[in-house]
Amino acid sequence: MNTTESHKLDQVTQRRRGCGLIGYNEKRSAGGYTLFAPATSNGKVFLIDMQGHVVHTWQMPYPPGRHAVILQNGNLGYNGRHPDSPNLYTPWAIWHGGIFLEATPSGEIVWQHTDLTHHHDAQWLNNGNILYGAVEKLNSKIESKINGGHTKLINKTKGMYGDVVKEIDRNGKIVWEWKSWEHLNIEDFSIHPDFERTHWPYINGLWLTSNDIVLMSLRVTSGIIGVNKKSHKVVLHIPKEIVSHQHSPMELHNGNILIFDNGNFRENEAIAYSKIIEYNPYTKKIDWEYTDPVAPSFYSSFQGASQRLSNGNTHITDSVSGRLFEITKSGEVVWEYIIPYFGEYTDPSIKQYVSGYHNSVFRSYRYSKSEIPWLS
């Protein structure tokens with residue numbers, strides 16, 4: 001065994017285990033190109049082919065406030081982390097966004113919108129509008145109605161923030177708005193005791209369905225709701241008995257909802273592991289789910305996403321480990337790629353809570369060649 005100083009092991013665990021393309025079954029895969037914006041890449045967005053080769057990059061002027069998408073016009077839609085977003089609470093800096101940018105393939109910024117109260121998810125709609133989550137300070141009367149959570153690590157005098165979902169048009173005008181505390185029965189949505197009393201109900205994922213229902217993932221209370229856009233009423237509730245502190249609800253063509261179920265605090269479970277769930281809102285049952293055969297081998301304690309592909313396969317973002325992979329309906333892995341771009345958070349307000357080198361990514365997307373017509 002060679003133990004000389006020149007042969008010291010890489011101390012970044014995920015990188016030591018191997019990065020880049022792990023494997024690819026071309027016959028069973030949907031194929032295409034994968035887009036991702038690593039959390040610590042300082043605004044660099046990557047588009048790779050199925051062999052793991054980088055075929056295009058963008059250098060955006062802000063670190064990712066979460067993720068990037070390719071729009072119908074071929075441009076990049078980007079959710080950036082604005083440096084002027086105020087430190088509303090501990091640790092707001094980790095997940096706030098604040099600025100939305102549209103960039104051409106060459107990187108020219110052709111549109112932008114700033115909202116320093118924005119956090120987590122945003123859906124770029126086909127009509128050019130953006131649906132996104134934001135916050136407002138809650139008054140003490142509303143705060144007193146919220147059950148659960150703890151105050152061990154925060155400045156108790158800062159109070160709590162509640163979620164607001166907004167839709168803006170291309171002029172930055174708010175065309176739809178929904179305030180959580182005005183429409184939810186507050187006492188029915190308690191914060192899990194292991195989450196802090198800073199942010200309620202902490203909407204980390206959004207999706208506008210084909211029949212104008214806004215799906216909202218409630219992280220700290222666990223569960224997903226569907227809000228009728230016209231009436232503002234909750235018309236769907238996937239409870240915490242079905243999902244556990246989940247992310248990224250997405251409507252499928254059959255009307256079902258695809259969910260990345262993180263699995264942080266499942267009741268009566270001795271180990272933590274993640275699932276991908278296809279939930280039927282009509283029967284209120286799970287039609288399909290995926291877990292790794294060795295369940296804890298697939299576990300992302302935060303973030304995470306899934307996307308149904310054209311051939312029925314599912315593309316999965318295992319955020320914590322920077323692992324992107326594709327599975328068939330039977331659960332066979334037919335493509336796997338580990339993001340090789342590691343870095344530390346440079347923002348001091350984040351670094352005090354998140355140490356070490358990371359290749360994590362909030363969400364990745366798979367695209368067909370026809371969806372990227374400018375790609376040579």
# chains A, B, ... in the order shown; residues from 1 in each chain; ligands from 1

$ closest_atom_pairs --of "region 65-101 of chain A" --to "region 302-306 of chain A" --cutoff "12 Å" --atoms "only C-alpha atoms" --output "JSON lines"
{"residue": "A:Arg66", "atom": "CA", "partner": "A:Gln303", "partner_atom": "CA", "distance": 9.5}
{"residue": "A:His67", "atom": "CA", "partner": "A:Ala305", "partner_atom": "CA", "distance": 11.0}
{"residue": "A:Ile94", "atom": "CA", "partner": "A:Phe302", "partner_atom": "CA", "distance": 11.7}
{"residue": "A:Trp95", "atom": "CA", "partner": "A:Gln303", "partner_atom": "CA", "distance": 10.1}

$ select_by_dssp --residues "region 119-283 of chain A" --states "strand (DSSP E)" --output "number ranges by chain"
A: 119-124, 130-137, 148-150, 161-168, 174-179, 191-196, 199-200, 203-208, 213-218, 224-228, 234-238, 247-251, 257-261, 275-280

$ closest_residue --among "A:Asn42, A:Gln51, A:Ser321, A:Ser190" --to "Asn25 (chain A)" --atoms "only C-alpha atoms"
A:Gln51

$ select_by_dssp --residues "region 119-338 of chain A" --states "alpha helix (DSSP H)" --output "ChimeraX atom specification"
/A:140-145,180-183

$ write_last_selection --atoms "N, CA and C atoms" --output "PDB file, in the first residue's frame"
ATOM      1  N   SER A 140     -48.283  38.790  14.106  1.00  0.00           N
ATOM      2  CA  SER A 140     -48.213  37.926  15.294  1.00  0.00           C
ATOM      3  C   SER A 140     -49.485  37.111  15.491  1.00  0.00           C
ATOM      4  N   LYS A 141     -50.639  37.634  15.076  1.00  0.00           N
ATOM      5  CA  LYS A 141     -51.895  36.905  15.240  1.00  0.00           C
ATOM      6  C   LYS A 141     -51.910  35.651  14.376  1.00  0.00           C
ATOM      7  N   ILE A 142     -51.475  35.794  13.127  1.00  0.00           N
ATOM      8  CA  ILE A 142     -51.419  34.627  12.240  1.00  0.00           C
ATOM      9  C   ILE A 142     -50.342  33.660  12.712  1.00  0.00           C
ATOM     10  N   GLU A 143     -49.194  34.195  13.099  1.00  0.00           N
ATOM     11  CA  GLU A 143     -48.091  33.357  13.567  1.00  0.00           C
ATOM     12  C   GLU A 143     -48.515  32.492  14.744  1.00  0.00           C
ATOM     13  N   SER A 144     -49.327  33.035  15.640  1.00  0.00           N
ATOM     14  CA  SER A 144     -49.749  32.292  16.841  1.00  0.00           C
ATOM     15  C   SER A 144     -50.644  31.106  16.505  1.00  0.00           C
ATOM     16  N   LYS A 145     -51.252  31.123  15.318  1.00  0.00           N
ATOM     17  CA  LYS A 145     -52.136  30.026  14.922  1.00  0.00           C
ATOM     18  C   LYS A 145     -51.372  28.848  14.322  1.00  0.00           C
ATOM     19  N   SER A 180     -50.963  32.230   1.221  1.00  0.00           N
ATOM     20  CA  SER A 180     -51.248  30.970   1.911  1.00  0.00           C
ATOM     21  C   SER A 180     -52.139  31.149   3.132  1.00  0.00           C
ATOM     22  N   TRP A 181     -51.869  32.139   3.954  1.00  0.00           N
ATOM     23  CA  TRP A 181     -52.600  32.313   5.210  1.00  0.00           C
ATOM     24  C   TRP A 181     -54.041  32.781   5.009  1.00  0.00           C
ATOM     25  N   GLU A 182     -54.357  33.264   3.808  1.00  0.00           N
ATOM     26  CA  GLU A 182     -55.721  33.708   3.523  1.00  0.00           C
ATOM     27  C   GLU A 182     -56.615  32.576   3.052  1.00  0.00           C
ATOM     28  N   HIS A 183     -56.017  31.449   2.621  1.00  0.00           N
ATOM     29  CA  HIS A 183     -56.803  30.393   1.996  1.00  0.00           C
ATOM     30  C   HIS A 183     -56.641  29.016   2.631  1.00  0.00           C
TER      31      HIS A 183
END

$ closest_residue --among "A:Gly31, A:Gly159, A:Gly172, A:Pro281" --to "Ile213 (chain A)" --atoms "only C-alpha atoms"
A:Pro281

$ closest_residue --among "A:Asp121, A:Asp261, A:Glu108, A:Asp212" --to "Gln246 (chain A)" --atoms "only C-alpha atoms"
A:Asp261
